[in-house]
Amino acid sequence: MRDPKEFQFNLPAEARPAAFALAEKIHAAAWDAAPDCTSARPDASANTIRAIVIHATAGSSTEGAVSVMAARRASFHWLVADENEAAHGDFVWASAPERRAAWHVRNNCFHPDVYNGAKRVNDWSLGIEVVNAQSDGDEFSDWQLHATAGIVRYAWAKYPNLAYVVSHARLDPGRRTDPGSSFPWGRFAELVMGD
Ligand SMILES: [Zn+2]
């Protein structure tokens, strides 16, 4: 499956993993910016989380992605570093509190297969940004796939109604292609499902 607009799989409740601690560190600059580029969720309970959205930055660095938050243009809950960065192979960056709605999907976007076509996706989702240029020469690393899958498994264990794993491109096909056609979605789904 290589069309990012098709990237989606759903999490079966009966396979929900046991809770575990995520290997994450707070990114100070992102965390400091987060109050000004995230919103309160209408429902603050853990039950509100229905989806997790996979993005790629179309940039080359964690700092570049954080600068978007610092400029208050967008935000996301986690950043998965690129191969040439120190965090790669070690931990993921937590960039905004999970209890806040990050600004990673436009409010009028939806897909009929994701939470019955509900809009205002940010209110009921979590967002992961994988640092990747989205160009032919920049493959996603095996660690990036494992780390991203690990975040999804962590969230799957934590949020009882989390059911949809979906690309940004599927939710906003007119404007977005991320995480891009080089993201190995089938392999990623296998890692999430524990295969
Ligand atoms: Zn995106």
# chains A, B, ... in the order shown; residues from 1 in each chain; ligands from 1

$ residues_around --residues "Ala19 in chain A" --least-positions-apart "2" --cutoff "7 Å" --atoms "only C-alpha atoms" --output "NGL selection string"
:A and (17 or 154 or 157-158)

$ write_last_selection --atoms "all heavy atoms" --output "mmCIF file, in the first residue's frame"
data_model
loop_
_atom_site.group_PDB
_atom_site.id
_atom_site.type_symbol
_atom_site.label_atom_id
_atom_site.label_comp_id
_atom_site.auth_asym_id
_atom_site.auth_seq_id
_atom_site.Cartn_x
_atom_site.Cartn_y
_atom_site.Cartn_z
ATOM 1 N N PRO A 17 -2.958 -3.793 24.241
ATOM 2 C CA PRO A 17 -1.818 -4.208 25.067
ATOM 3 C C PRO A 17 -1.936 -3.707 26.511
ATOM 4 O O PRO A 17 -2.725 -2.803 26.802
ATOM 5 C CB PRO A 17 -0.615 -3.561 24.376
ATOM 6 C CG PRO A 17 -1.151 -2.494 23.500
ATOM 7 C CD PRO A 17 -2.610 -2.757 23.262
ATOM 8 N N TYR A 154 1.568 2.438 23.082
ATOM 9 C CA TYR A 154 1.441 3.128 24.379
ATOM 10 C C TYR A 154 0.063 3.784 24.495
ATOM 11 O O TYR A 154 -0.629 3.656 25.512
ATOM 12 C CB TYR A 154 2.559 4.158 24.486
ATOM 13 C CG TYR A 154 2.320 5.273 25.461
ATOM 14 C CD1 TYR A 154 2.574 5.107 26.826
ATOM 15 C CD2 TYR A 154 1.845 6.514 25.012
ATOM 16 C CE1 TYR A 154 2.343 6.145 27.713
ATOM 17 C CE2 TYR A 154 1.619 7.549 25.895
ATOM 18 C CZ TYR A 154 1.867 7.358 27.238
ATOM 19 O OH TYR A 154 1.632 8.393 28.119
ATOM 20 N N ALA A 157 -2.861 1.287 24.718
ATOM 21 C CA ALA A 157 -3.013 0.737 26.070
ATOM 22 C C ALA A 157 -3.665 1.744 27.020
ATOM 23 O O ALA A 157 -4.391 1.363 27.947
ATOM 24 C CB ALA A 157 -1.642 0.327 26.610
ATOM 25 N N LYS A 158 -3.420 3.020 26.787
ATOM 26 C CA LYS A 158 -3.810 4.055 27.748
ATOM 27 C C LYS A 158 -5.223 4.583 27.525
ATOM 28 O O LYS A 158 -5.903 4.953 28.496
ATOM 29 C CB LYS A 158 -2.800 5.207 27.634
ATOM 30 C CG LYS A 158 -3.012 6.348 28.594
ATOM 31 C CD LYS A 158 -1.830 7.317 28.502
ATOM 32 C CE LYS A 158 -1.979 8.485 29.464
ATOM 33 N NZ LYS A 158 -0.784 9.362 29.429
#

$ closest_atom_pairs --of "range 92-122 of chain A" --to "range 76-86 of chain A" --cutoff "6 Å" --atoms "only C-alpha atoms" --output "CSV"
residue,atom,partner,partner_atom,distance
A:Val92,CA,A:Val80,CA,5.3
A:Trp93,CA,A:Leu79,CA,5.0
A:Ala94,CA,A:Trp78,CA,4.6
A:Ser95,CA,A:His77,CA,5.1
A:Ala96,CA,A:His77,CA,4.6
A:Ala102,CA,A:Phe76,CA,5.2
A:His104,CA,A:Phe76,CA,5.9

$ residues_near_ligand --ligand "ligand 1" --cutoff "6 Å" --atoms "only C-alpha atoms and all ligand atoms" --output "list in words"
His55, Ala56, His168 and Asp178 of chain A

$ atom_distance --atom1 "CA of Ala70 in chain A" --atom2 "CA of Trp31 in chain A"
9.5 Å

$ select_by_dssp --residues "chain A" --states "strand (DSSP E or B)" --output "VMD selection string"
chain A and resid 8 to 10 24 to 26 38 to 40 51 to 56 78 to 80 92 to 94 100 to 102 125 to 130 164 to 167

$ select_by_dssp --residues "range 26-132 of chain A" --states "helix (DSSP H, G or I)" --output "VMD selection string"
chain A and resid 28 to 36 46 to 48 62 to 70 115 to 117 121 to 124

$ closest_residue --among "A:Asn132, A:Thr177, A:Thr62, A:Asn116" --to "Phe7 in chain A" --atoms "only C-alpha atoms"
A:Thr177

$ residues_around --residues "Ala74 in chain A" --least-positions-apart "6" --cutoff "12 Å" --atoms "only C-alpha atoms" --output "MDAnalysis selection string"
chainID A and resid 30 33:39 57 65:68 95:96 101:106 122 127 129

$ write_last_selection --atoms "N, CA, C and O atoms" --output "short mmCIF file (atom, residue, chain, number, x, y, z; two decimals), in the first residue's frame"
data_model
loop_
_atom_site.label_atom_id
_atom_site.label_comp_id
_atom_site.auth_asym_id
_atom_site.auth_seq_id
_atom_site.Cartn_x
_atom_site.Cartn_y
_atom_site.Cartn_z
N ALA A 30 9.55 22.95 22.76
CA ALA A 30 8.20 22.63 22.28
C ALA A 30 7.20 22.72 23.43
O ALA A 30 6.12 23.30 23.28
N ALA A 33 6.27 26.16 24.27
CA ALA A 33 5.39 26.78 23.26
C ALA A 33 3.98 26.21 23.30
O ALA A 33 3.03 26.87 22.88
N ALA A 34 3.83 25.00 23.81
CA ALA A 34 2.57 24.27 23.70
C ALA A 34 1.34 25.01 24.24
O ALA A 34 0.27 24.94 23.62
N PRO A 35 1.42 25.71 25.38
CA PRO A 35 0.21 26.38 25.86
C PRO A 35 -0.37 27.37 24.85
O PRO A 35 -1.58 27.62 24.86
N ASP A 36 0.47 27.90 23.97
CA ASP A 36 0.02 28.91 23.01
C ASP A 36 -0.31 28.33 21.63
O ASP A 36 -0.72 29.07 20.73
N CYS A 37 -0.10 27.03 21.44
CA CYS A 37 -0.41 26.43 20.13
C CYS A 37 -1.13 25.10 20.31
O CYS A 37 -1.00 24.20 19.48
N THR A 38 -1.89 24.98 21.40
CA THR A 38 -2.78 23.84 21.62
C THR A 38 -4.05 24.40 22.25
O THR A 38 -4.08 25.56 22.68
N SER A 39 -5.09 23.57 22.31
CA SER A 39 -6.37 24.00 22.88
C SER A 39 -6.81 23.01 23.95
O SER A 39 -6.39 21.85 23.95
N THR A 57 7.30 15.39 8.67
CA THR A 57 7.52 16.82 8.73
C THR A 57 7.76 17.47 7.39
O THR A 57 7.58 18.68 7.25
N ALA A 65 10.92 21.29 13.09
CA ALA A 65 9.53 20.98 13.45
C ALA A 65 9.10 21.77 14.68
O ALA A 65 7.98 22.29 14.74
N VAL A 66 9.98 21.88 15.66
CA VAL A 66 9.66 22.65 16.86
C VAL A 66 9.45 24.12 16.54
O VAL A 66 8.61 24.79 17.16
N SER A 67 10.17 24.62 15.54
CA SER A 67 10.02 26.04 15.19
C SER A 67 8.60 26.34 14.72
O SER A 67 8.11 27.46 14.89
N VAL A 68 7.93 25.36 14.14
CA VAL A 68 6.54 25.54 13.72
C VAL A 68 5.65 25.75 14.95
O VAL A 68 4.72 26.56 14.93
N SER A 95 6.20 16.60 22.77
CA SER A 95 6.22 18.02 22.40
C SER A 95 5.02 18.80 22.90
O SER A 95 5.06 20.04 22.94
N ALA A 96 3.95 18.12 23.31
CA ALA A 96 2.78 18.80 23.88
C ALA A 96 2.07 17.81 24.80
O ALA A 96 2.10 16.60 24.56
N ALA A 101 -5.49 19.44 23.13
CA ALA A 101 -5.70 19.19 21.71
C ALA A 101 -4.63 19.93 20.92
O ALA A 101 -4.58 21.17 20.94
N ALA A 102 -3.76 19.18 20.25
CA ALA A 102 -2.74 19.80 19.40
C ALA A 102 -3.38 20.22 18.07
O ALA A 102 -4.43 19.72 17.68
N TRP A 103 -2.71 21.14 17.40
CA TRP A 103 -3.22 21.67 16.12
C TRP A 103 -2.49 20.97 14.98
O TRP A 103 -1.50 21.48 14.46
N HIS A 104 -2.97 19.79 14.60
CA HIS A 104 -2.28 19.04 13.55
C HIS A 104 -3.17 18.66 12.38
O HIS A 104 -2.67 18.20 11.35
N VAL A 105 -4.48 18.83 12.49
CA VAL A 105 -5.41 18.57 11.40
C VAL A 105 -6.39 19.74 11.33
O VAL A 105 -6.88 20.19 12.38
N ARG A 106 -6.68 20.22 10.13
CA ARG A 106 -7.63 21.34 10.01
C ARG A 106 -9.02 20.93 10.50
O ARG A 106 -9.47 19.80 10.28
N ASN A 122 -8.78 17.30 15.87
CA ASN A 122 -7.81 17.59 16.93
C ASN A 122 -8.41 17.37 18.32
O ASN A 122 -7.69 16.98 19.25
N GLY A 127 -1.40 13.39 17.83
CA GLY A 127 -0.64 13.56 16.59
C GLY A 127 0.84 13.24 16.79
O GLY A 127 1.44 13.69 17.76
N GLU A 129 4.56 13.42 14.76
CA GLU A 129 5.35 13.90 13.62
C GLU A 129 6.64 13.08 13.54
O GLU A 129 7.41 13.02 14.49
#

$ residues_around --residues "Arg187 in chain A" --least-positions-apart "2" --cutoff "10 Å" --atoms "only C-alpha atoms" --output "CSV table (one decimal) with all heavy atoms, in the first residue's frame"
chain,number,residue,atom,x,y,z
A,1,MET,N,0.9,-1.2,0.0
A,1,MET,CA,0.0,0.0,0.0
A,1,MET,C,0.9,1.2,0.0
A,1,MET,O,1.6,1.5,0.9
A,1,MET,CB,-0.9,0.0,1.3
A,1,MET,CG,-2.1,0.9,1.2
A,1,MET,SD,-2.8,1.1,2.8
A,1,MET,CE,-3.2,-0.6,3.2
A,142,ASP,N,14.4,2.0,10.4
A,142,ASP,CA,13.7,1.0,11.1
A,142,ASP,C,13.4,1.4,12.5
A,142,ASP,O,12.3,1.2,13.1
A,142,ASP,CB,14.6,-0.3,11.2
A,142,ASP,CG,13.8,-1.5,11.5
A,142,ASP,OD1,12.8,-1.7,10.8
A,142,ASP,OD2,14.2,-2.3,12.4
A,145,LEU,N,10.3,3.6,12.5
A,145,LEU,CA,9.1,2.8,12.5
A,145,LEU,C,8.7,2.2,13.8
A,145,LEU,O,7.6,2.2,14.2
A,145,LEU,CB,9.2,1.7,11.4
A,145,LEU,CG,9.2,2.1,10.0
A,145,LEU,CD1,9.3,0.9,9.1
A,145,LEU,CD2,7.9,2.9,9.6
A,146,HIS,N,9.7,1.6,14.4
A,146,HIS,CA,9.5,1.0,15.7
A,146,HIS,C,9.1,2.0,16.8
A,146,HIS,O,8.2,1.7,17.6
A,146,HIS,CB,10.8,0.2,16.2
A,146,HIS,CG,10.9,-1.2,15.7
A,146,HIS,ND1,11.5,-1.4,14.5
A,146,HIS,CD2,10.5,-2.4,16.1
A,146,HIS,CE1,11.5,-2.7,14.2
A,146,HIS,NE2,10.9,-3.3,15.2
A,149,ALA,N,5.5,3.1,16.1
A,149,ALA,CA,4.6,2.0,16.5
A,149,ALA,C,4.5,1.9,18.0
A,149,ALA,O,3.4,1.6,18.5
A,149,ALA,CB,5.1,0.7,15.9
A,183,PHE,N,6.6,5.9,3.2
A,183,PHE,CA,6.4,5.3,4.6
A,183,PHE,C,5.8,3.9,4.5
A,183,PHE,O,4.7,3.8,3.9
A,183,PHE,CB,5.4,6.3,5.4
A,183,PHE,CG,5.3,5.9,6.8
A,183,PHE,CD1,6.0,6.5,7.8
A,183,PHE,CD2,4.3,5.0,7.2
A,183,PHE,CE1,5.9,6.2,9.1
A,183,PHE,CE2,4.2,4.6,8.6
A,183,PHE,CZ,5.0,5.3,9.5
A,184,PRO,N,6.5,2.9,5.0
A,184,PRO,CA,6.0,1.5,4.8
A,184,PRO,C,4.8,1.2,5.7
A,184,PRO,O,5.0,0.6,6.8
A,184,PRO,CB,7.2,0.7,5.1
A,184,PRO,CG,8.1,1.6,6.0
A,184,PRO,CD,7.7,3.0,5.7
A,185,TRP,N,3.7,1.6,5.3
A,185,TRP,CA,2.5,1.5,6.2
A,185,TRP,C,2.1,0.1,6.6
A,185,TRP,O,1.7,-0.1,7.8
A,185,TRP,CB,1.3,2.2,5.5
A,185,TRP,CG,0.1,2.4,6.3
A,185,TRP,CD1,-1.0,1.6,6.4
A,185,TRP,CD2,-0.1,3.4,7.3
A,185,TRP,NE1,-1.9,2.0,7.3
A,185,TRP,CE2,-1.4,3.2,7.9
A,185,TRP,CE3,0.7,4.5,7.8
A,185,TRP,CZ2,-1.9,4.0,8.9
A,185,TRP,CZ3,0.1,5.3,8.7
A,185,TRP,CH2,-1.1,5.0,9.3
A,189,ALA,N,1.9,-1.1,10.4
A,189,ALA,CA,0.7,-1.7,11.0
A,189,ALA,C,1.1,-3.0,11.7
A,189,ALA,O,0.6,-3.3,12.8
A,189,ALA,CB,-0.3,-1.9,9.9
A,190,GLU,N,2.0,-3.8,11.1
A,190,GLU,CA,2.4,-5.1,11.7
A,190,GLU,C,3.1,-4.8,13.0
A,190,GLU,O,2.9,-5.6,14.0
A,190,GLU,CB,3.3,-5.8,10.8
A,190,GLU,CG,2.7,-6.4,9.5
A,190,GLU,CD,3.7,-7.0,8.6
A,190,GLU,OE1,4.9,-7.0,8.8
A,190,GLU,OE2,3.2,-7.5,7.5
A,191,LEU,N,3.9,-3.8,13.1
A,191,LEU,CA,4.6,-3.5,14.3
A,191,LEU,C,3.6,-3.1,15.4
A,191,LEU,O,3.8,-3.5,16.6
A,191,LEU,CB,5.7,-2.4,14.1
A,191,LEU,CG,6.9,-2.8,13.2
A,191,LEU,CD1,7.7,-1.6,12.9
A,191,LEU,CD2,7.7,-3.8,13.9
A,192,VAL,N,2.7,-2.3,15.0
A,192,VAL,CA,1.7,-1.9,16.0
A,192,VAL,C,0.9,-3.1,16.5
A,192,VAL,O,0.6,-3.2,17.7
A,192,VAL,CB,0.7,-0.8,15.4
A,192,VAL,CG1,-0.5,-0.5,16.3
A,192,VAL,CG2,1.5,0.5,15.1
A,193,MET,N,0.5,-4.0,15.6
A,193,MET,CA,-0.3,-5.1,16.0
A,193,MET,C,0.5,-6.2,16.8
A,193,MET,O,0.0,-7.1,17.2
A,193,MET,CB,-1.0,-5.7,14.8
A,193,MET,CG,-1.9,-4.7,14.0
A,193,MET,SD,-3.1,-3.9,15.1
A,193,MET,CE,-4.1,-5.3,15.5
A,195,ASP,N,3.0,-8.1,15.4
A,195,ASP,CA,3.3,-9.2,14.6
A,195,ASP,C,4.8,-9.2,14.3
A,195,ASP,O,5.5,-8.2,14.3
A,195,ASP,CB,2.6,-9.1,13.2
A,195,ASP,CG,1.1,-9.4,13.5
A,195,ASP,OD1,0.7,-9.9,14.6
A,195,ASP,OD2,0.3,-9.0,12.6

$ atom_distance --atom1 "CA of Tyr164 in chain A" --atom2 "CA of Asn10 in chain A"
4.6 Å

$ closest_residue --among "A:His27, A:Ser182, A:Pro12, A:Val166" --to "Glu139 in chain A" --atoms "only C-alpha atoms"
A:Ser182
